[in-house]
Amino acid sequence: MKSKVDPDLCIGCGLCPSICPEVYSMGDDGLAHAIEEEIPEDQLQDAEDARDGCPVSAIDLFE
Ligand code: F3S
């Protein structure tokens with residue numbers, strides 16, 4: 001599973017890195033960015049929680 005943050009939707013609320021800092025981080029642009037690599041197995045639940053918690057549904061998880 002991989003993840004992407006849609007930069008057109010993200011409002012930089014900071015929730016996703018607080019839930020799953022191994023996958024999401026805030027960039028200099030004030031928006032969240034996901035790691036490019038495959039999400040580690042032990043981070044999948046947190047990544048899903050981050051996706052589900054994002055107030056603007058900017059996070060996508062995909063195979
Ligand atoms: Fe942005 Fe949503 Fe994360 S608004 S900072 S992608 S929780």
# chains A, B, ... in the order shown; residues from 1 in each chain; ligands from 1
$ closest_atom_pairs --of "chain A" --to "ligand 1" --cutoff "7 Å" --atoms "only C-alpha atoms and all ligand atoms" --output "JSON lines"
{"residue": "A:Val5", "atom": "CA", "partner": "ligand 1", "partner_atom_place_in_ligand_line": "6 (S)", "distance": 5.6}
{"residue": "A:Leu9", "atom": "CA", "partner": "ligand 1", "partner_atom_place_in_ligand_line": "4 (S)", "distance": 7.0}
{"residue": "A:Cys10", "atom": "CA", "partner": "ligand 1", "partner_atom_place_in_ligand_line": "1 (Fe)", "distance": 3.8}
{"residue": "A:Ile11", "atom": "CA", "partner": "ligand 1", "partner_atom_place_in_ligand_line": "4 (S)", "distance": 4.4}
{"residue": "A:Gly12", "atom": "CA", "partner": "ligand 1", "partner_atom_place_in_ligand_line": "5 (S)", "distance": 3.9}
{"residue": "A:Cys13", "atom": "CA", "partner": "ligand 1", "partner_atom_place_in_ligand_line": "5 (S)", "distance": 4.4}
{"residue": "A:Gly14", "atom": "CA", "partner": "ligand 1", "partner_atom_place_in_ligand_line": "5 (S)", "distance": 4.0}
{"residue": "A:Leu15", "atom": "CA", "partner": "ligand 1", "partner_atom_place_in_ligand_line": "7 (S)", "distance": 4.3}
{"residue": "A:Cys16", "atom": "CA", "partner": "ligand 1", "partner_atom_place_in_ligand_line": "3 (Fe)", "distance": 4.1}
{"residue": "A:Pro17", "atom": "CA", "partner": "ligand 1", "partner_atom_place_in_ligand_line": "3 (Fe)", "distance": 6.7}
{"residue": "A:Met26", "atom": "CA", "partner": "ligand 1", "partner_atom_place_in_ligand_line": "5 (S)", "distance": 6.9}
{"residue": "A:Leu31", "atom": "CA", "partner": "ligand 1", "partner_atom_place_in_ligand_line": "5 (S)", "distance": 5.8}
{"residue": "A:Ala32", "atom": "CA", "partner": "ligand 1", "partner_atom_place_in_ligand_line": "5 (S)", "distance": 4.6}
{"residue": "A:Ala50", "atom": "CA", "partner": "ligand 1", "partner_atom_place_in_ligand_line": "7 (S)", "distance": 6.2}
{"residue": "A:Arg51", "atom": "CA", "partner": "ligand 1", "partner_atom_place_in_ligand_line": "7 (S)", "distance": 6.9}
{"residue": "A:Gly53", "atom": "CA", "partner": "ligand 1", "partner_atom_place_in_ligand_line": "7 (S)", "distance": 6.4}
{"residue": "A:Cys54", "atom": "CA", "partner": "ligand 1", "partner_atom_place_in_ligand_line": "7 (S)", "distance": 3.7}
{"residue": "A:Pro55", "atom": "CA", "partner": "ligand 1", "partner_atom_place_in_ligand_line": "2 (Fe)", "distance": 5.9}
{"residue": "A:Val56", "atom": "CA", "partner": "ligand 1", "partner_atom_place_in_ligand_line": "4 (S)", "distance": 5.7}
{"residue": "A:Ser57", "atom": "CA", "partner": "ligand 1", "partner_atom_place_in_ligand_line": "2 (Fe)", "distance": 6.3}
{"residue": "A:Ala58", "atom": "CA", "partner": "ligand 1", "partner_atom_place_in_ligand_line": "6 (S)", "distance": 5.0}
{"residue": "A:Ile59", "atom": "CA", "partner": "ligand 1", "partner_atom_place_in_ligand_line": "6 (S)", "distance": 5.5}
$ select_by_dssp --residues "chain A" --states "strand (DSSP E or B)" --output "MDAnalysis selection string"
chainID A and resid 2:5 24:26 32:34 59:62
$ residues_around --residues "segment 41-45 of chain A" --least-positions-apart "2" --cutoff "8 Å" --atoms "only C-alpha atoms" --output "list of chain:residue names"
A:Met1, A:Cys20, A:Glu22, A:Val23, A:Ile39, A:Ala47, A:Glu48, A:Asp49
$ closest_residue --among "A:Asp60, A:Lys2, A:Asp52, A:Pro7" --to "Glu38 of chain A" --atoms "only C-alpha atoms"
A:Lys2
$ select_by_dssp --residues "chain A" --states "helix (DSSP H, G or I)" --output "mmCIF file with N, CA and C atoms, in the first residue's frame"
data_model
loop_
_atom_site.group_PDB
_atom_site.id
_atom_site.type_symbol
_atom_site.label_atom_id
_atom_site.label_comp_id
_atom_site.auth_asym_id
_atom_site.auth_seq_id
_atom_site.Cartn_x
_atom_site.Cartn_y
_atom_site.Cartn_z
ATOM 1 N N LEU A 15 -2.927 17.135 11.036
ATOM 2 C CA LEU A 15 -3.423 15.940 11.716
ATOM 3 C C LEU A 15 -2.684 14.670 11.284
ATOM 4 N N CYS A 16 -2.471 14.519 9.991
ATOM 5 C CA CYS A 16 -1.894 13.245 9.523
ATOM 6 C C CYS A 16 -0.492 12.972 10.080
ATOM 7 N N PRO A 17 0.429 13.954 10.087
ATOM 8 C CA PRO A 17 1.724 13.641 10.714
ATOM 9 C C PRO A 17 1.620 13.397 12.211
ATOM 10 N N SER A 18 0.608 13.958 12.848
ATOM 11 C CA SER A 18 0.469 13.705 14.282
ATOM 12 C C SER A 18 -0.034 12.288 14.530
ATOM 13 N N ILE A 19 -0.829 11.752 13.615
ATOM 14 C CA ILE A 19 -1.334 10.383 13.757
ATOM 15 C C ILE A 19 -0.309 9.374 13.258
ATOM 16 N N GLU A 41 4.162 -2.365 6.958
ATOM 17 C CA GLU A 41 2.999 -3.098 7.465
ATOM 18 C C GLU A 41 2.506 -2.548 8.813
ATOM 19 N N ASP A 42 3.433 -2.278 9.701
ATOM 20 C CA ASP A 42 3.040 -1.850 11.053
ATOM 21 C C ASP A 42 2.568 -0.389 11.104
ATOM 22 N N GLN A 43 2.563 0.268 9.941
ATOM 23 C CA GLN A 43 2.083 1.658 9.906
ATOM 24 C C GLN A 43 0.746 1.785 9.185
ATOM 25 N N LEU A 44 0.277 0.656 8.650
ATOM 26 C CA LEU A 44 -0.927 0.716 7.820
ATOM 27 C C LEU A 44 -2.151 1.216 8.566
ATOM 28 N N GLN A 45 -2.342 0.724 9.785
ATOM 29 C CA GLN A 45 -3.518 1.138 10.557
ATOM 30 C C GLN A 45 -3.478 2.638 10.835
ATOM 31 N N ASP A 46 -2.301 3.130 11.213
ATOM 32 C CA ASP A 46 -2.180 4.563 11.490
ATOM 33 C C ASP A 46 -2.405 5.374 10.216
ATOM 34 N N ALA A 47 -1.904 4.870 9.093
ATOM 35 C CA ALA A 47 -2.106 5.584 7.828
ATOM 36 C C ALA A 47 -3.595 5.625 7.469
ATOM 37 N N GLU A 48 -4.299 4.530 7.728
ATOM 38 C CA GLU A 48 -5.740 4.511 7.474
ATOM 39 C C GLU A 48 -6.465 5.479 8.401
ATOM 40 N N ASP A 49 -6.032 5.515 9.658
ATOM 41 C CA ASP A 49 -6.655 6.445 10.606
ATOM 42 C C ASP A 49 -6.422 7.886 10.167
ATOM 43 N N ALA A 50 -5.233 8.165 9.646
ATOM 44 C CA ALA A 50 -4.921 9.512 9.168
ATOM 45 C C ALA A 50 -5.813 9.854 7.982
ATOM 46 N N ARG A 51 -5.933 8.905 7.055
ATOM 47 C CA ARG A 51 -6.803 9.141 5.901
ATOM 48 C C ARG A 51 -8.240 9.410 6.357
ATOM 49 N N ASP A 52 -8.720 8.560 7.262
ATOM 50 C CA ASP A 52 -10.104 8.705 7.710
ATOM 51 C C ASP A 52 -10.310 9.985 8.517
ATOM 52 N N GLY A 53 -9.240 10.472 9.157
ATOM 53 C CA GLY A 53 -9.371 11.649 10.005
ATOM 54 C C GLY A 53 -9.166 12.963 9.276
#
$ decode --residues "segment 43-57 of chain A" --atoms "N, CA and C atoms" --output "PDB file, in the first residue's frame"
ATOM      1  N   GLN A  43       2.563   0.268   9.941  1.00  0.00           N
ATOM      2  CA  GLN A  43       2.083   1.658   9.906  1.00  0.00           C
ATOM      3  C   GLN A  43       0.746   1.785   9.185  1.00  0.00           C
ATOM      4  N   LEU A  44       0.277   0.656   8.650  1.00  0.00           N
ATOM      5  CA  LEU A  44      -0.927   0.716   7.820  1.00  0.00           C
ATOM      6  C   LEU A  44      -2.151   1.216   8.566  1.00  0.00           C
ATOM      7  N   GLN A  45      -2.342   0.724   9.785  1.00  0.00           N
ATOM      8  CA  GLN A  45      -3.518   1.138  10.557  1.00  0.00           C
ATOM      9  C   GLN A  45      -3.478   2.638  10.835  1.00  0.00           C
ATOM     10  N   ASP A  46      -2.301   3.130  11.213  1.00  0.00           N
ATOM     11  CA  ASP A  46      -2.180   4.563  11.490  1.00  0.00           C
ATOM     12  C   ASP A  46      -2.405   5.374  10.216  1.00  0.00           C
ATOM     13  N   ALA A  47      -1.904   4.870   9.093  1.00  0.00           N
ATOM     14  CA  ALA A  47      -2.106   5.584   7.828  1.00  0.00           C
ATOM     15  C   ALA A  47      -3.595   5.625   7.469  1.00  0.00           C
ATOM     16  N   GLU A  48      -4.299   4.530   7.728  1.00  0.00           N
ATOM     17  CA  GLU A  48      -5.740   4.511   7.474  1.00  0.00           C
ATOM     18  C   GLU A  48      -6.465   5.479   8.401  1.00  0.00           C
ATOM     19  N   ASP A  49      -6.032   5.515   9.658  1.00  0.00           N
ATOM     20  CA  ASP A  49      -6.655   6.445  10.606  1.00  0.00           C
ATOM     21  C   ASP A  49      -6.422   7.886  10.167  1.00  0.00           C
ATOM     22  N   ALA A  50      -5.233   8.165   9.646  1.00  0.00           N
ATOM     23  CA  ALA A  50      -4.921   9.512   9.168  1.00  0.00           C
ATOM     24  C   ALA A  50      -5.813   9.854   7.982  1.00  0.00           C
ATOM     25  N   ARG A  51      -5.933   8.905   7.055  1.00  0.00           N
ATOM     26  CA  ARG A  51      -6.803   9.141   5.901  1.00  0.00           C
ATOM     27  C   ARG A  51      -8.240   9.410   6.357  1.00  0.00           C
ATOM     28  N   ASP A  52      -8.720   8.560   7.262  1.00  0.00           N
ATOM     29  CA  ASP A  52     -10.104   8.705   7.710  1.00  0.00           C
ATOM     30  C   ASP A  52     -10.310   9.985   8.517  1.00  0.00           C
ATOM     31  N   GLY A  53      -9.240  10.472   9.157  1.00  0.00           N
ATOM     32  CA  GLY A  53      -9.371  11.649  10.005  1.00  0.00           C
ATOM     33  C   GLY A  53      -9.166  12.963   9.276  1.00  0.00           C
ATOM     34  N   CYS A  54      -8.589  12.906   8.108  1.00  0.00           N
ATOM     35  CA  CYS A  54      -8.316  14.156   7.379  1.00  0.00           C
ATOM     36  C   CYS A  54      -9.629  14.895   7.122  1.00  0.00           C
ATOM     37  N   PRO A  55      -9.722  16.144   7.574  1.00  0.00           N
ATOM     38  CA  PRO A  55     -10.999  16.876   7.486  1.00  0.00           C
ATOM     39  C   PRO A  55     -11.423  17.197   6.055  1.00  0.00           C
ATOM     40  N   VAL A  56     -10.491  17.132   5.124  1.00  0.00           N
ATOM     41  CA  VAL A  56     -10.848  17.467   3.735  1.00  0.00           C
ATOM     42  C   VAL A  56     -10.633  16.289   2.787  1.00  0.00           C
ATOM     43  N   SER A  57     -10.462  15.093   3.375  1.00  0.00           N
ATOM     44  CA  SER A  57     -10.305  13.871   2.570  1.00  0.00           C
ATOM     45  C   SER A  57      -9.233  14.018   1.487  1.00  0.00           C
TER      46      SER A  57
END
